[in-house]
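So this one's work20.cif, mmCIF, C-alpha atoms:
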```
data_coords
#
loop_
_atom_site.group_PDB
_atom_site.id
_atom_site.type_symbol
_atom_site.label_atom_id
_atom_site.label_comp_id
_atom_site.auth_asym_id
_atom_site.auth_seq_id
_atom_site.Cartn_x
_atom_site.Cartn_y
_atom_site.Cartn_z
ATOM 1 C CA MET A 1 -89.344 21.431 7.389
ATOM 2 C CA GLU A 2 -87.379 22.738 10.355
ATOM 3 C CA ALA A 3 -84.312 23.493 8.226
ATOM 4 C CA GLU A 4 -86.372 25.737 5.985
ATOM 5 C CA GLY A 5 -87.674 27.585 9.009
ATOM 6 C CA LEU A 6 -84.147 28.280 10.253
ATOM 7 C CA ASP A 7 -82.846 29.680 6.958
ATOM 8 C CA TRP A 8 -83.390 33.198 8.240
ATOM 9 C CA LEU A 9 -80.800 32.431 10.940
ATOM 10 C CA LEU A 10 -78.405 30.068 9.167
ATOM 11 C CA VAL A 11 -77.790 32.132 6.038
ATOM 12 C CA PRO A 12 -76.662 35.311 7.868
ATOM 13 C CA LEU A 13 -74.686 33.194 10.341
ATOM 14 C CA HIS A 14 -72.928 31.421 7.487
ATOM 15 C CA GLN A 15 -72.150 34.785 5.868
ATOM 16 C CA LEU A 16 -70.824 36.183 9.149
ATOM 17 C CA VAL A 17 -68.550 33.177 9.693
ATOM 18 C CA SER A 18 -67.334 33.448 6.097
ATOM 19 C CA TRP A 19 -66.465 37.141 6.517
ATOM 20 C CA GLY A 20 -64.772 36.452 9.838
ATOM 21 C CA ALA A 21 -62.639 33.708 8.291
ATOM 22 C CA ALA A 22 -61.702 35.979 5.395
ATOM 23 C CA ALA A 23 -60.740 38.787 7.791
ATOM 24 C CA ALA A 24 -58.653 36.359 9.860
ATOM 25 C CA MET A 25 -56.928 35.205 6.677
ATOM 26 C CA VAL A 26 -56.222 38.761 5.530
ATOM 27 C CA PHE A 27 -54.953 40.170 8.821
ATOM 28 C CA GLY A 28 -53.593 36.995 10.401
ATOM 29 C CA GLY A 29 -50.185 37.351 8.773
ATOM 30 C CA VAL A 30 -49.741 40.912 10.010
ATOM 31 C CA VAL A 31 -50.642 40.351 13.661
ATOM 32 C CA PRO A 32 -47.204 38.959 14.755
ATOM 33 C CA TYR A 33 -45.445 42.043 13.436
ATOM 34 C CA VAL A 34 -47.453 44.522 15.539
ATOM 35 C CA PRO A 35 -45.624 43.717 18.823
ATOM 36 C CA GLN A 36 -42.285 43.683 17.013
ATOM 37 C CA TYR A 37 -42.970 47.084 15.481
ATOM 38 C CA ARG A 38 -43.966 48.522 18.850
ATOM 39 C CA ASP A 39 -40.933 46.985 20.583
ATOM 40 C CA ILE A 40 -38.466 48.272 17.989
ATOM 41 C CA ARG A 41 -40.037 51.712 18.113
ATOM 42 C CA ARG A 42 -40.047 51.800 21.933
ATOM 43 C CA THR A 43 -36.477 50.553 22.440
ATOM 44 C CA GLN A 44 -34.991 52.121 19.293
ATOM 45 C CA ASN A 45 -33.115 48.850 18.787
ATOM 46 C CA ALA A 46 -33.627 46.668 15.705
ATOM 47 C CA ASP A 47 -30.789 44.230 16.324
ATOM 48 C CA GLY A 48 -33.023 41.175 16.797
ATOM 49 C CA PHE A 49 -35.049 41.741 13.632
ATOM 50 C CA SER A 50 -33.830 40.276 10.344
ATOM 51 C CA THR A 51 -34.466 42.367 7.268
ATOM 52 C CA TYR A 52 -33.927 39.232 5.181
ATOM 53 C CA VAL A 53 -37.288 37.967 6.439
ATOM 54 C CA CYS A 54 -38.853 41.124 5.043
ATOM 55 C CA LEU A 55 -37.091 40.553 1.733
ATOM 56 C CA VAL A 56 -38.343 36.974 1.457
ATOM 57 C CA LEU A 57 -41.911 37.947 2.359
ATOM 58 C CA LEU A 58 -41.881 40.874 -0.066
ATOM 59 C CA VAL A 59 -40.726 38.657 -2.927
ATOM 60 C CA ALA A 60 -43.241 35.913 -2.054
ATOM 61 C CA ASN A 61 -46.182 38.307 -1.865
ATOM 62 C CA ILE A 62 -45.210 40.152 -5.038
ATOM 63 C CA LEU A 63 -44.998 36.810 -6.849
ATOM 64 C CA ARG A 64 -48.406 35.846 -5.458
ATOM 65 C CA ILE A 65 -49.923 39.062 -6.825
ATOM 66 C CA LEU A 66 -48.301 38.474 -10.207
ATOM 67 C CA PHE A 67 -49.622 34.900 -10.195
ATOM 68 C CA TRP A 68 -53.117 36.276 -9.563
ATOM 69 C CA PHE A 69 -53.087 37.964 -12.978
ATOM 70 C CA GLY A 70 -52.470 34.615 -14.673
ATOM 71 C CA ARG A 71 -54.778 32.460 -12.594
ATOM 72 C CA ARG A 72 -57.351 34.085 -10.362
ATOM 73 C CA PHE A 73 -57.704 32.850 -6.786
ATOM 74 C CA GLU A 74 -59.701 33.999 -3.770
ATOM 75 C CA SER A 75 -59.684 37.735 -3.165
ATOM 76 C CA PRO A 76 -58.817 37.471 0.580
ATOM 77 C CA LEU A 77 -55.458 35.973 -0.418
ATOM 78 C CA LEU A 78 -54.874 38.872 -2.787
ATOM 79 C CA TRP A 79 -55.718 41.357 -0.023
ATOM 80 C CA GLN A 80 -53.456 39.467 2.366
ATOM 81 C CA SER A 81 -50.552 39.880 -0.054
ATOM 82 C CA ALA A 82 -51.164 43.609 -0.445
ATOM 83 C CA ILE A 83 -51.387 44.138 3.320
ATOM 84 C CA MET A 84 -48.266 42.039 3.936
ATOM 85 C CA ILE A 85 -46.330 44.099 1.392
ATOM 86 C CA LEU A 86 -47.374 47.301 3.164
ATOM 87 C CA THR A 87 -46.463 45.796 6.542
ATOM 88 C CA MET A 88 -43.026 44.681 5.365
ATOM 89 C CA LEU A 89 -42.347 48.103 3.866
ATOM 90 C CA LEU A 90 -43.289 49.734 7.185
ATOM 91 C CA MET A 91 -41.038 47.321 9.094
ATOM 92 C CA LEU A 92 -38.135 47.995 6.718
ATOM 93 C CA LYS A 93 -38.659 51.743 7.037
ATOM 94 C CA LEU A 94 -38.643 51.557 10.840
ATOM 95 C CA CYS A 95 -35.588 49.273 10.978
ATOM 96 C CA THR A 96 -33.671 51.470 8.565
ATOM 97 C CA GLU A 97 -34.475 54.630 10.538
ATOM 98 C CA VAL A 98 -33.504 53.007 13.844
ATOM 99 C CA ARG A 99 -30.263 51.528 12.525
ATOM 100 C CA VAL A 100 -29.207 54.777 10.850
ATOM 101 C CA ALA A 101 -29.951 56.748 14.032
ATOM 102 C CA ASN A 102 -27.996 54.247 16.151
ATOM 103 C CA GLU A 103 -25.080 54.328 13.736
ATOM 104 C CA LEU A 104 -25.006 58.133 13.763
ATOM 105 C CA ASN A 105 -25.095 58.153 17.570
ATOM 106 C CA ALA A 106 -22.212 55.688 17.684
ATOM 107 C CA ARG A 107 -20.183 57.847 15.308
ATOM 108 C CA ARG A 108 -20.898 60.956 17.355
ATOM 109 C CA ARG A 109 -19.796 59.183 20.531
ATOM 110 C CA SER A 110 -16.574 57.953 18.952
ATOM 111 C CA PHE A 111 -15.921 61.417 17.496
ATOM 112 C CA ALA A 112 -16.525 63.062 20.862
ATOM 113 C CA ALA A 113 -14.304 60.508 22.588
ATOM 114 C CA SER A 114 -11.473 61.105 20.120
ATOM 115 C CA ARG A 115 -11.479 64.826 20.914
ATOM 116 C CA TRP A 116 -10.420 64.283 24.525
ATOM 117 C CA CYS A 117 -6.958 63.348 25.685
ATOM 118 C CA SER A 118 -6.518 60.815 28.473
ATOM 119 C CA CYS A 119 -5.674 63.664 30.899
ATOM 120 C CA GLY A 120 -9.027 65.372 30.230
ATOM 121 C CA ARG A 121 -7.857 68.267 28.037
ATOM 122 C CA ALA A 122 -9.527 68.824 24.685
ATOM 123 C CA VAL A 123 -7.459 68.053 21.613
ATOM 124 C CA THR A 124 -7.900 70.533 18.799
ATOM 125 C CA PRO A 125 -6.586 69.871 15.294
ATOM 126 C CA SER A 126 -4.507 73.049 15.261
ATOM 127 C CA ARG A 127 -2.933 72.606 18.696
ATOM 128 C CA ARG A 128 -2.278 69.118 19.933
ATOM 129 C CA PRO A 129 -0.862 68.709 23.410
ATOM 130 C CA THR A 130 2.579 67.226 23.435
ATOM 131 C CA SER A 131 2.160 65.522 26.779
ATOM 132 C CA CYS A 132 -0.902 64.163 28.515
#
```
Using structure tokens, write down the structure that the file contains.
Amino acid sequence: MEAEGLDWLLVPLHQLVSWGAAAAMVFGGVVPYVPQYRDIRRTQNADGFSTYVCLVLLVANILRILFWFGRRFESPLLWQSAIMILTMLLMLKLCTEVRVANELNARRRSFAASRWCSCGRAVTPSRRPTSC
């Protein structure tokens, strides 16, 4: 008799816990990448991040979505795959931008360094100093 009287409390509580678990399942895989994204963006250095991890996760989540068409599974797992694909694409975009910018800066520095002779005079292509 008491269980029937508490249905008004247990049913919404069960639904709330179910939604919370589904949200944790959907966004739980993305949470570790938030600090990495912020750190790479702040330092403009992506040397410690492997793009191969992104490749593996992209392939795995794409295969999971394709598997869903053949044999349906829970929708939170499908949403998790879609969100992970978006996250990995954002991480790849950021890493590519940072690495290209760093590479261009390194080339500019080496180009600027090659224009100066050891004595401090500028070397121009048309007139190279014979002695430094």
Considering only C-alpha atoms, can you say which of A:Ile40, A:Ile65, A:Ala46, A:Leu77 comes closest to A:Phe27? A:Leu77
Report, in Å with one decimal, the straight-line distance from atom CA of A:Leu57 to atom CA of A:Pro35.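 Computing the Euclidean distance for atom CA of A:Leu57 and atom CA of A:Pro35 yields 17.8 Å.
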Just give me the gap between atom CA of A:Ser81 and atom CA of A:Val56 in Å, one decimal is fine.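 It comes out at 12.6 Å.
For the set A:Phe67, A:Gln80, A:Leu92, A:Ile85, the residue with the smallest atom-to-atom gap to A:Tyr52 is A:Leu92, counting all atoms listed in the file.
Nearest to A:Ala101 of all the residues A:Asn45, A:Ala82, A:Cys54, A:Phe69 is A:Asn45, based on all atoms listed in the file.
Atom CA of A:Arg64 is positioned 28.3 Å from atom CA of A:Glu97.
Proximity of A:Leu9, A:Leu90, A:Met84, A:Cys95 to A:Met25, computed with only C-alpha atoms, is greatest for A:Met84.
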Which residue gives the smallest distance to A:Phe49 among A:Leu63, A:Ala106, A:Val100, A:Leu94, with only C-alpha atoms counted? A:Leu94
So, counting all atoms listed in the file, which residue among A:Ala22, A:Val98, A:Met91, A:Leu104 is closest to A:Gln44?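 Nearest to A:Gln44: A:Val98.
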Could you put an axis-aligned box around every listed atom of stretch 8-26 of chain A, padded by 8 Å on each side, and send me its centre and edge lengths in Å to one decimal, as AutoDock Vina command-line options?
```
--center_x -69.8 --center_y 34.4 --center_z 8.2 --size_x 43.2 --size_y 24.7 --size_z 21.5
```
Please produce stretch 60-71 of chain A, completed to all heavy atoms, as an mmCIF file, in the coordinates of the input.
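After the write, rebuild-v2.cif holds the following:
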```cif
data_model
loop_
_atom_site.group_PDB
_atom_site.id
_atom_site.type_symbol
_atom_site.label_atom_id
_atom_site.label_comp_id
_atom_site.auth_asym_id
_atom_site.auth_seq_id
_atom_site.Cartn_x
_atom_site.Cartn_y
_atom_site.Cartn_z
ATOM 1 N N ALA A 60 -42.163 36.909 -1.994
ATOM 2 C CA ALA A 60 -43.241 35.913 -2.054
ATOM 3 C C ALA A 60 -44.597 36.558 -2.324
ATOM 4 O O ALA A 60 -45.375 36.054 -3.151
ATOM 5 C CB ALA A 60 -43.285 35.131 -0.751
ATOM 6 N N ASN A 61 -44.876 37.672 -1.671
ATOM 7 C CA ASN A 61 -46.182 38.307 -1.865
ATOM 8 C C ASN A 61 -46.288 39.019 -3.209
ATOM 9 O O ASN A 61 -47.368 39.057 -3.799
ATOM 10 C CB ASN A 61 -46.477 39.257 -0.705
ATOM 11 C CG ASN A 61 -46.850 38.496 0.536
ATOM 12 O OD1 ASN A 61 -47.852 37.800 0.564
ATOM 13 N ND2 ASN A 61 -46.034 38.600 1.569
ATOM 14 N N ILE A 62 -45.195 39.556 -3.691
ATOM 15 C CA ILE A 62 -45.210 40.152 -5.038
ATOM 16 C C ILE A 62 -45.441 39.061 -6.077
ATOM 17 O O ILE A 62 -46.215 39.240 -7.027
ATOM 18 C CB ILE A 62 -43.910 40.936 -5.295
ATOM 19 C CG1 ILE A 62 -43.896 42.214 -4.457
ATOM 20 C CG2 ILE A 62 -43.763 41.270 -6.778
ATOM 21 C CD1 ILE A 62 -42.570 42.939 -4.445
ATOM 22 N N LEU A 63 -44.782 37.922 -5.918
ATOM 23 C CA LEU A 63 -44.998 36.810 -6.849
ATOM 24 C C LEU A 63 -46.436 36.301 -6.780
ATOM 25 O O LEU A 63 -47.021 35.926 -7.802
ATOM 26 C CB LEU A 63 -44.022 35.673 -6.559
ATOM 27 C CG LEU A 63 -42.573 35.932 -6.955
ATOM 28 C CD1 LEU A 63 -41.691 34.783 -6.519
ATOM 29 C CD2 LEU A 63 -42.459 36.169 -8.449
ATOM 30 N N ARG A 64 -47.018 36.293 -5.585
ATOM 31 C CA ARG A 64 -48.406 35.846 -5.458
ATOM 32 C C ARG A 64 -49.350 36.793 -6.194
ATOM 33 O O ARG A 64 -50.290 36.355 -6.859
ATOM 34 C CB ARG A 64 -48.816 35.764 -3.994
ATOM 35 C CG ARG A 64 -50.184 35.115 -3.839
ATOM 36 C CD ARG A 64 -50.775 35.250 -2.472
ATOM 37 N NE ARG A 64 -50.053 34.533 -1.455
ATOM 38 C CZ ARG A 64 -50.351 34.607 -0.167
ATOM 39 N NH1 ARG A 64 -51.330 35.394 0.247
ATOM 40 N NH2 ARG A 64 -49.665 33.936 0.722
ATOM 41 N N ILE A 65 -49.083 38.095 -6.100
ATOM 42 C CA ILE A 65 -49.923 39.062 -6.825
ATOM 43 C C ILE A 65 -49.748 38.897 -8.327
ATOM 44 O O ILE A 65 -50.726 38.940 -9.088
ATOM 45 C CB ILE A 65 -49.609 40.501 -6.356
ATOM 46 C CG1 ILE A 65 -50.148 40.704 -4.939
ATOM 47 C CG2 ILE A 65 -50.222 41.527 -7.297
ATOM 48 C CD1 ILE A 65 -49.784 42.026 -4.316
ATOM 49 N N LEU A 66 -48.526 38.691 -8.772
ATOM 50 C CA LEU A 66 -48.301 38.474 -10.207
ATOM 51 C C LEU A 66 -48.967 37.187 -10.678
ATOM 52 O O LEU A 66 -49.475 37.112 -11.803
ATOM 53 C CB LEU A 66 -46.802 38.447 -10.505
ATOM 54 C CG LEU A 66 -46.077 39.779 -10.328
ATOM 55 C CD1 LEU A 66 -44.582 39.599 -10.531
ATOM 56 C CD2 LEU A 66 -46.628 40.837 -11.262
ATOM 57 N N PHE A 67 -48.956 36.154 -9.856
ATOM 58 C CA PHE A 67 -49.622 34.900 -10.195
ATOM 59 C C PHE A 67 -51.127 35.099 -10.323
ATOM 60 O O PHE A 67 -51.775 34.442 -11.141
ATOM 61 C CB PHE A 67 -49.313 33.846 -9.117
ATOM 62 C CG PHE A 67 -49.908 32.507 -9.391
ATOM 63 C CD1 PHE A 67 -49.312 31.644 -10.284
ATOM 64 C CD2 PHE A 67 -51.069 32.105 -8.745
ATOM 65 C CE1 PHE A 67 -49.861 30.396 -10.547
ATOM 66 C CE2 PHE A 67 -51.626 30.866 -8.989
ATOM 67 C CZ PHE A 67 -51.011 30.018 -9.888
ATOM 68 N N TRP A 68 -51.679 36.016 -9.528
ATOM 69 C CA TRP A 68 -53.117 36.276 -9.563
ATOM 70 C C TRP A 68 -53.566 36.749 -10.939
ATOM 71 O O TRP A 68 -54.674 36.446 -11.381
ATOM 72 C CB TRP A 68 -53.475 37.313 -8.501
ATOM 73 C CG TRP A 68 -54.932 37.603 -8.392
ATOM 74 C CD1 TRP A 68 -55.878 36.876 -7.729
ATOM 75 C CD2 TRP A 68 -55.637 38.700 -8.987
ATOM 76 N NE1 TRP A 68 -57.113 37.450 -7.853
ATOM 77 C CE2 TRP A 68 -56.994 38.572 -8.625
ATOM 78 C CE3 TRP A 68 -55.248 39.777 -9.776
ATOM 79 C CZ2 TRP A 68 -57.955 39.490 -9.033
ATOM 80 C CZ3 TRP A 68 -56.200 40.691 -10.175
ATOM 81 C CH2 TRP A 68 -57.539 40.533 -9.805
ATOM 82 N N PHE A 69 -52.710 37.493 -11.648
ATOM 83 C CA PHE A 69 -53.087 37.964 -12.978
ATOM 84 C C PHE A 69 -53.196 36.809 -13.973
ATOM 85 O O PHE A 69 -53.986 36.866 -14.914
ATOM 86 C CB PHE A 69 -52.077 38.995 -13.494
ATOM 87 C CG PHE A 69 -52.174 40.313 -12.791
ATOM 88 C CD1 PHE A 69 -51.157 40.735 -11.953
ATOM 89 C CD2 PHE A 69 -53.272 41.130 -12.943
ATOM 90 C CE1 PHE A 69 -51.235 41.946 -11.293
ATOM 91 C CE2 PHE A 69 -53.372 42.343 -12.294
ATOM 92 C CZ PHE A 69 -52.343 42.748 -11.459
ATOM 93 N N GLY A 70 -52.404 35.764 -13.780
ATOM 94 C CA GLY A 70 -52.470 34.615 -14.673
ATOM 95 C C GLY A 70 -53.574 33.643 -14.324
ATOM 96 O O GLY A 70 -54.229 33.086 -15.203
ATOM 97 N N ARG A 71 -53.762 33.410 -13.043
ATOM 98 C CA ARG A 71 -54.778 32.460 -12.594
ATOM 99 C C ARG A 71 -55.430 32.997 -11.333
ATOM 100 O O ARG A 71 -54.804 33.029 -10.272
ATOM 101 C CB ARG A 71 -54.124 31.113 -12.320
ATOM 102 C CG ARG A 71 -55.112 30.035 -12.038
ATOM 103 C CD ARG A 71 -54.451 28.704 -12.056
ATOM 104 N NE ARG A 71 -55.461 27.688 -11.834
ATOM 105 C CZ ARG A 71 -55.175 26.436 -11.699
ATOM 106 N NH1 ARG A 71 -53.918 26.038 -11.766
ATOM 107 N NH2 ARG A 71 -56.119 25.565 -11.502
#
```
